[in-house]
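**Q** Quick one: this structure, given as structure tokens, is what I'll be asking you about.
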There are 2 protein chains.
Amino acid sequence: MVRHQVNSSQRPIGIFDSGIGGLTVLKEIFERLPHESTLYLGDTARVPYGIRSPETVTRYSFENTRFLVSRDIKMLVIACNTVSSVSLDALRCNFPVPVVGVIGPGAKAAAAATKTKKVGVIGTEATVSSGSYTRAIQSIDSSIEVFSISCPLFVPLVEEGWTEGLITELTAEKYLAGVRDKAIDTLVLGCTHYPLLKPVFSKIMEDSVGLIDSAIETAMEIRSILKEQSLLNAPGSPVRHKFFVTDAPQKFLTVGERFLGRNIEHIEKIKLEMEV
Amino acid sequence: MVRHQVNSSQRPIGIFDSGIGGLTVLKEIFERLPHESTLYLGDTARVPYGIRSPETVTRYSFENTRFLVSRDIKMLVIACNTVSSVSLDALRCNFPVPVVGVIGPGAKAAAAATKTKKVGVIGTEATVSSGSYTRAIQSIDSSIEVFSISCPLFVPLVEEGWTEGLITELTAEKYLAGVRDKAIDTLVLGCTHYPLLKPVFSKIMEDSVGLIDSAIETAMEIRSILKEQSLLNAPGSPVRHKFFVTDAPQKFLTVGERFLGRNIEHIEKIKLEMEV
């Protein structure tokens, strides 16, 4: 039997995250690359990754990537700051597709934006303690000072739908107090859930502080890599979007549609754990 | 080779939870059953269970139980409301040791305590949507009205160490508004993390509302079952306490010692996923 050969540009972009957060990246891909097909995998049976050890995160990431690569993707997008922080190099070395994370694009945009050479980064425990944003920003300009703060409550607040109101503002004030002292002019939202809190951050930070949304920066990076490698899909080709989750899809659907701003169709529950 | 035969009363009690929450139950076991050895398993690589589907929770619970049973426990304690809600019967049917969950003891205490026949229950999404407390309380006294509220932010607040202060009080007020209207006189803390929030709950609820701490009720239930089955360990026998986790132990140690109120020694990282 001869396997149907898909034009290599028509193959989908594979995207994974520990859960629904990566949908903010997918949303920007839809926006900026409307002719691309996508496969999105949310590892909802093991979410959240931000509290786990690097070796566990890498093990889960390999399982996710194996699944997507087996579906013939043309590029892998790690739509998760934690995985991009701790597992990007291992994934690049072990899989035969271009791999894009969210740290590099966010760091590049922050380094370009700061005038005071003082940048704040907020993220999960794992992202912050990995020091990956600091390394990435300082590898571009070593004179930039980076102040990082882990904010474990933002993800559950966003998932609960409390993206505004007094509780969320007080929480943000408490976490951000540490970077407000530092006269930063740029704040990197180092977690894919955080774009939903932009109005709260804007309210709390000085107007002079610019917010860097890694989701937007990543979508632009994907576009330029696909263009460079002549892998952009031609307008008019069929476009499909599929979603996979590792736990029951109900919560992913209800919360996810808020993240994505559109309906989620073609969703399937899959099992990963037993792969070796 | 003849395997060393341990006196069956000397065998340890096995306890598992998705993470550190079950340590509030273990603390009460230490308090009330000081002559018992214990093995505690926290499935920290897959915590939290409260947001997962029943089938995923049951699958994880079987893997945890298999591990503890292989270590020759004399009794299994499910120190997790989510697992007790959705997987207790399946575990009882499939493993040859007495199994105690936290729902039954909490429900029994609530039914005995209420005079107004109106009981509030707070817990995770999975516990509340399973309706298990309502069923357990009403199977004792069908005239009792039960009002349940899921409070997903309490667990991350406790793990962040924010067990007091304005943010936690406002969050508790927001969640509990729904049961304060109902003239309840008894509130079941239906999650093993919640005992650490007792001072906040006491501040917000009327003085006339009694708080039911499932951890205490469960320890008393364990005691009476062991006594009934002549399995209580004799004073003076050697006592050992061991801890197992499925992710790196660091966070479990720092947060867990706060839960337990004492040092955690003899901790080991184990791997469960590949079991079949």
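Just so we're on the same page: first chain in the structure tokens is A, next is B, and so on; residues restart at 1 for each chain, and ligands are numbered from 1 in the order they show up.
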Show me a table, sorted first by chain and then by increasing residue number, of the residues of chain B having an atom at most 6 Å from chain A, each with its shortest atom pair and the distance in Å to one decimal, counting only C-alpha atoms and written as a tab-separated table.
**A**
residue	atom	partner	partner_atom	distance
B:Arg46	CA	A:Arg46	CA	5.2
B:Ser53	CA	A:Ala248	CA	5.8
B:Ile167	CA	A:Ile167	CA	5.8
B:Ala248	CA	A:Ser53	CA	5.8
**Q** Return chain A as a CSV table (one decimal) with C-alpha atoms, in the first residue's frame, after superposing it on chain B by a least-squares fit that covers all C-alpha atoms paired in order.
**A**
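Dumped everything to part00.csv:
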chain,number,residue,atom,x,y,z
A,1,MET,CA,14.6,-18.5,51.5
A,2,VAL,CA,12.0,-18.1,54.2
A,3,ARG,CA,10.6,-14.5,54.2
A,4,HIS,CA,10.7,-12.9,57.6
A,5,GLN,CA,7.1,-13.1,58.9
A,6,VAL,CA,6.1,-9.8,60.6
A,7,ASN,CA,3.5,-10.0,63.2
A,8,SER,CA,0.4,-8.8,61.3
A,9,SER,CA,-0.4,-6.1,63.8
A,10,GLN,CA,3.1,-4.7,63.3
A,11,ARG,CA,2.6,-4.1,59.6
A,12,PRO,CA,2.3,-0.5,58.6
A,13,ILE,CA,-0.9,1.5,57.8
A,14,GLY,CA,-0.7,2.6,54.1
A,15,ILE,CA,-1.9,6.1,53.3
A,16,PHE,CA,-2.0,7.8,50.0
A,17,ASP,CA,-3.0,11.2,48.6
A,18,SER,CA,-2.5,13.0,45.3
A,19,GLY,CA,0.1,15.2,47.1
A,20,ILE,CA,0.6,16.7,50.5
A,21,GLY,CA,-3.0,17.3,51.6
A,22,GLY,CA,-3.3,13.9,53.1
A,23,LEU,CA,-0.6,14.8,55.6
A,24,THR,CA,-3.4,16.5,57.7
A,25,VAL,CA,-4.8,13.0,58.0
A,26,LEU,CA,-1.4,11.5,58.8
A,27,LYS,CA,-0.9,14.1,61.5
A,28,GLU,CA,-4.1,13.0,63.2
A,29,ILE,CA,-3.0,9.3,62.9
A,30,PHE,CA,0.3,10.2,64.6
A,31,GLU,CA,-1.7,12.0,67.3
A,32,ARG,CA,-4.3,9.3,68.0
A,33,LEU,CA,-2.4,6.1,67.1
A,34,PRO,CA,1.2,6.7,68.2
A,35,HIS,CA,2.1,3.0,68.2
A,36,GLU,CA,1.4,2.5,64.5
A,37,SER,CA,3.9,2.4,61.7
A,38,THR,CA,2.9,4.2,58.5
A,39,LEU,CA,3.8,4.4,54.8
A,40,TYR,CA,2.6,7.6,53.1
A,41,LEU,CA,2.5,7.9,49.3
A,42,GLY,CA,2.0,11.4,47.7
A,43,ASP,CA,1.5,11.2,44.0
A,44,THR,CA,3.2,14.5,43.4
A,45,ALA,CA,4.0,13.9,39.8
A,46,ARG,CA,0.3,13.9,39.0
A,47,VAL,CA,-1.2,16.2,41.7
A,48,PRO,CA,-3.8,17.7,41.8
A,49,TYR,CA,-6.5,15.0,41.3
A,50,GLY,CA,-9.4,17.4,42.1
A,51,ILE,CA,-9.5,18.7,38.5
A,52,ARG,CA,-9.4,15.3,36.8
A,53,SER,CA,-12.1,13.0,35.5
A,54,PRO,CA,-13.3,10.0,37.6
A,55,GLU,CA,-11.7,7.4,35.3
A,56,THR,CA,-8.3,9.1,35.5
A,57,VAL,CA,-8.5,9.4,39.3
A,58,THR,CA,-9.4,5.7,39.6
A,59,ARG,CA,-6.5,4.7,37.3
A,60,TYR,CA,-4.0,6.7,39.3
A,61,SER,CA,-5.5,5.3,42.6
A,62,PHE,CA,-5.1,1.7,41.5
A,63,GLU,CA,-1.4,2.4,40.7
A,64,ASN,CA,-0.9,4.0,44.1
A,65,THR,CA,-2.7,1.2,46.0
A,66,ARG,CA,-0.7,-1.5,44.1
A,67,PHE,CA,2.5,0.0,45.3
A,68,LEU,CA,1.4,0.2,48.9
A,69,VAL,CA,-0.1,-3.3,49.0
A,70,SER,CA,3.1,-4.6,47.6
A,71,ARG,CA,4.7,-3.2,50.7
A,72,ASP,CA,2.6,-5.4,53.0
A,73,ILE,CA,0.3,-2.8,54.6
A,74,LYS,CA,-2.4,-4.0,57.1
A,75,MET,CA,-4.9,-1.3,56.1
A,76,LEU,CA,-5.3,1.3,53.3
A,77,VAL,CA,-6.3,4.9,54.1
A,78,ILE,CA,-7.4,7.1,51.2
A,79,ALA,CA,-6.4,10.5,52.6
A,80,CYS,CA,-7.9,12.3,49.7
A,81,ASN,CA,-11.5,13.5,49.3
A,82,THR,CA,-11.5,13.2,45.5
A,83,VAL,CA,-10.3,9.6,45.5
A,84,SER,CA,-12.7,8.7,48.4
A,85,SER,CA,-15.5,10.2,46.4
A,86,VAL,CA,-14.9,8.5,43.1
A,87,SER,CA,-12.8,5.4,43.6
A,88,LEU,CA,-13.4,3.9,47.1
A,89,ASP,CA,-15.7,1.1,46.0
A,90,ALA,CA,-13.4,0.0,43.2
A,91,LEU,CA,-10.5,-0.1,45.5
A,92,ARG,CA,-12.4,-2.0,48.1
A,93,CYS,CA,-13.5,-4.6,45.6
A,94,ASN,CA,-10.0,-5.1,44.1
A,95,PHE,CA,-7.6,-5.2,47.0
A,96,PRO,CA,-7.4,-7.6,50.0
A,97,VAL,CA,-7.0,-5.0,52.8
A,98,PRO,CA,-9.5,-3.0,54.8
A,99,VAL,CA,-10.0,0.4,53.0
A,100,VAL,CA,-10.9,3.6,54.8
A,101,GLY,CA,-11.8,6.9,53.0
A,102,VAL,CA,-12.3,10.3,54.4
A,103,ILE,CA,-15.9,10.9,53.2
A,104,GLY,CA,-17.7,8.3,55.4
A,105,PRO,CA,-16.2,9.5,58.7
A,106,GLY,CA,-16.8,13.2,57.8
A,107,ALA,CA,-20.4,12.5,56.7
A,108,LYS,CA,-21.1,10.5,59.9
A,109,ALA,CA,-19.8,13.4,62.1
A,110,ALA,CA,-21.8,16.0,60.2
A,111,ALA,CA,-25.0,14.0,60.4
A,112,ALA,CA,-24.5,13.6,64.2
A,113,ALA,CA,-23.7,17.3,64.7
A,114,THR,CA,-26.4,19.1,62.8
A,115,LYS,CA,-29.5,20.3,64.7
A,116,THR,CA,-31.0,22.4,62.0
A,117,LYS,CA,-30.6,19.6,59.5
A,118,LYS,CA,-28.8,21.9,57.1
A,119,VAL,CA,-25.2,21.0,56.3
A,120,GLY,CA,-22.7,22.8,54.1
A,121,VAL,CA,-19.9,21.0,52.3
A,122,ILE,CA,-16.9,22.6,50.7
A,123,GLY,CA,-14.4,20.8,48.5
A,124,THR,CA,-12.7,20.5,45.1
A,125,GLU,CA,-14.6,20.4,41.8
A,126,ALA,CA,-14.3,16.6,41.6
A,127,THR,CA,-15.5,16.0,45.2
A,128,VAL,CA,-18.4,18.3,44.9
A,129,SER,CA,-19.6,17.2,41.5
A,130,SER,CA,-19.5,13.6,42.5
A,131,GLY,CA,-22.2,14.3,45.1
A,132,SER,CA,-20.6,11.8,47.5
A,133,TYR,CA,-21.0,13.8,50.7
A,134,THR,CA,-24.6,14.5,49.9
A,135,ARG,CA,-25.2,10.8,49.3
A,136,ALA,CA,-23.3,9.7,52.4
A,137,ILE,CA,-25.0,12.2,54.7
A,138,GLN,CA,-28.5,11.5,53.4
A,139,SER,CA,-28.0,7.8,53.6
A,140,ILE,CA,-27.6,8.4,57.4
A,141,ASP,CA,-30.5,10.8,57.7
A,142,SER,CA,-32.5,11.6,54.5
A,143,SER,CA,-34.1,14.7,56.1
A,144,ILE,CA,-30.8,16.6,56.1
A,145,GLU,CA,-30.3,19.2,53.4
A,146,VAL,CA,-26.8,19.4,52.0
A,147,PHE,CA,-25.4,22.5,50.3
A,148,SER,CA,-22.1,21.9,48.4
A,149,ILE,CA,-19.7,24.4,46.9
A,150,SER,CA,-16.5,23.8,45.0
A,151,CYS,CA,-13.7,26.1,45.9
A,152,PRO,CA,-10.8,25.4,43.5
A,153,LEU,CA,-8.6,28.3,44.8
A,154,PHE,CA,-8.3,27.1,48.4
A,155,VAL,CA,-5.7,24.4,47.6
A,156,PRO,CA,-3.3,26.7,45.7
A,157,LEU,CA,-3.7,29.4,48.5
A,158,VAL,CA,-2.8,26.9,51.1
A,159,GLU,CA,0.2,25.5,49.1
A,160,GLU,CA,1.4,29.1,48.6
A,161,GLY,CA,1.3,29.5,52.4
A,162,TRP,CA,-1.4,32.2,52.3
A,163,THR,CA,-3.5,30.7,55.0
A,164,GLU,CA,-4.4,34.1,56.5
A,165,GLY,CA,-4.8,37.7,55.3
A,166,LEU,CA,-7.1,39.7,53.2
A,167,ILE,CA,-6.8,37.8,49.9
A,168,THR,CA,-7.7,34.5,51.5
A,169,GLU,CA,-10.5,36.0,53.6
A,170,LEU,CA,-12.1,37.7,50.5
A,171,THR,CA,-11.7,34.4,48.6
A,172,ALA,CA,-13.4,32.5,51.4
A,173,GLU,CA,-16.2,35.1,51.6
A,174,LYS,CA,-16.8,34.8,47.9
A,175,TYR,CA,-17.0,31.0,48.0
A,176,LEU,CA,-18.9,30.7,51.3
A,177,ALA,CA,-21.5,33.4,50.5
A,178,GLY,CA,-23.6,30.6,48.9
A,179,VAL,CA,-23.8,28.5,52.1
A,180,ARG,CA,-24.1,31.5,54.5
A,181,ASP,CA,-27.6,32.2,53.1
A,182,LYS,CA,-28.8,28.7,53.9
A,183,ALA,CA,-28.8,28.8,57.7
A,184,ILE,CA,-26.5,25.8,58.0
A,185,ASP,CA,-25.1,24.9,61.5
A,186,THR,CA,-22.4,22.5,60.3
A,187,LEU,CA,-19.7,22.9,57.6
A,188,VAL,CA,-17.7,19.9,56.4
A,189,LEU,CA,-14.2,20.7,55.3
A,190,GLY,CA,-14.3,18.3,52.4
A,191,CYS,CA,-10.7,18.6,51.3
A,192,THR,CA,-7.6,17.6,53.3
A,193,HIS,CA,-6.0,21.0,52.7
A,194,TYR,CA,-8.7,22.9,54.4
A,195,PRO,CA,-7.9,22.3,58.1
A,196,LEU,CA,-5.1,24.8,57.6
A,197,LEU,CA,-7.8,27.4,56.7
A,198,LYS,CA,-9.8,26.8,59.9
A,199,PRO,CA,-9.0,30.2,61.4
A,200,VAL,CA,-10.3,32.0,58.2
A,201,PHE,CA,-13.5,29.9,58.1
A,202,SER,CA,-14.2,30.6,61.8
A,203,LYS,CA,-13.8,34.3,61.2
A,204,ILE,CA,-16.2,34.3,58.3
A,205,MET,CA,-18.9,31.9,59.4
A,206,GLU,CA,-21.3,32.5,62.3
A,207,ASP,CA,-20.0,31.2,65.7
A,208,SER,CA,-23.0,28.8,65.7
A,209,VAL,CA,-21.6,26.9,62.7
A,210,GLY,CA,-19.5,23.9,63.7
A,211,LEU,CA,-16.6,22.9,61.4
A,212,ILE,CA,-16.1,19.2,60.7
A,213,ASP,CA,-12.5,18.2,60.1
A,214,SER,CA,-12.5,14.9,58.2
A,215,ALA,CA,-8.9,14.3,59.1
A,216,ILE,CA,-9.8,13.9,62.8
A,217,GLU,CA,-12.9,11.9,62.1
A,218,THR,CA,-10.9,9.5,59.8
A,219,ALA,CA,-8.2,8.9,62.4
A,220,MET,CA,-10.9,7.9,64.9
A,221,GLU,CA,-12.5,5.6,62.4
A,222,ILE,CA,-9.1,3.9,61.7
A,223,ARG,CA,-8.6,3.4,65.4
A,224,SER,CA,-12.0,1.7,65.8
A,225,ILE,CA,-11.5,-0.6,62.8
A,226,LEU,CA,-8.0,-1.7,63.9
A,227,LYS,CA,-9.4,-2.3,67.4
A,228,GLU,CA,-12.3,-4.3,66.1
A,229,GLN,CA,-10.1,-6.5,63.8
A,230,SER,CA,-7.5,-6.9,66.6
A,231,LEU,CA,-4.9,-5.2,64.4
A,232,LEU,CA,-3.8,-2.4,66.8
A,233,ASN,CA,0.0,-2.5,67.3
A,234,ALA,CA,1.1,-3.1,70.8
A,235,PRO,CA,2.8,-0.3,72.7
A,236,GLY,CA,6.6,-0.8,72.8
A,237,SER,CA,6.8,-2.4,69.3
A,238,PRO,CA,9.1,-0.7,66.8
A,239,VAL,CA,7.4,2.2,65.0
A,240,ARG,CA,8.6,3.5,61.6
A,241,HIS,CA,7.3,6.2,59.3
A,242,LYS,CA,8.2,6.3,55.6
A,243,PHE,CA,7.3,8.7,52.9
A,244,PHE,CA,7.2,8.1,49.1
A,245,VAL,CA,6.6,10.7,46.4
A,246,THR,CA,6.5,10.4,42.6
A,247,ASP,CA,8.2,13.7,41.8
A,248,ALA,CA,11.3,15.3,43.3
A,249,PRO,CA,10.8,15.5,47.1
A,250,GLN,CA,11.9,19.1,47.7
A,251,LYS,CA,8.5,20.9,47.6
A,252,PHE,CA,6.9,18.0,49.4
A,253,LEU,CA,9.4,18.4,52.2
A,254,THR,CA,9.1,22.2,52.6
A,255,VAL,CA,5.3,22.5,52.3
A,256,GLY,CA,4.7,19.1,53.9
A,257,GLU,CA,6.5,19.8,57.2
A,258,ARG,CA,4.1,22.8,57.6
A,259,PHE,CA,1.1,20.4,57.2
A,260,LEU,CA,2.5,17.8,59.5
A,261,GLY,CA,4.0,20.0,62.1
A,262,ARG,CA,7.1,17.9,62.3
A,263,ASN,CA,10.2,16.9,60.3
A,264,ILE,CA,9.8,14.4,57.4
A,265,GLU,CA,12.5,11.8,57.3
A,266,HIS,CA,13.0,8.6,55.2
A,267,ILE,CA,11.6,10.0,52.0
A,268,GLU,CA,12.1,8.3,48.7
A,269,LYS,CA,11.1,9.1,45.1
A,270,ILE,CA,9.5,6.2,43.3
A,271,LYS,CA,8.1,5.6,39.7
A,272,LEU,CA,4.6,4.3,39.3
A,273,GLU,CA,3.5,5.1,35.7
A,274,MET,CA,4.8,2.0,34.0
A,275,GLU,CA,2.9,-0.4,36.1
A,276,VAL,CA,0.1,-2.3,34.4
**Q** Out of stretch 58-144 of chain B, which residues get alpha helix (DSSP H) from DSSP, as JSON, numbers by chain?
**A** {"B": [58, 59, 60, 61, 62, 63, 64, 65, 66, 67, 68, 69, 70, 81, 82, 83, 84, 85, 86, 88, 89, 90, 91, 92, 93, 94, 103, 104, 105, 106, 107, 108, 109, 110, 111, 112, 113, 125, 126, 127, 128, 129, 130, 132, 133, 134, 135, 136, 137, 138, 139, 140]}
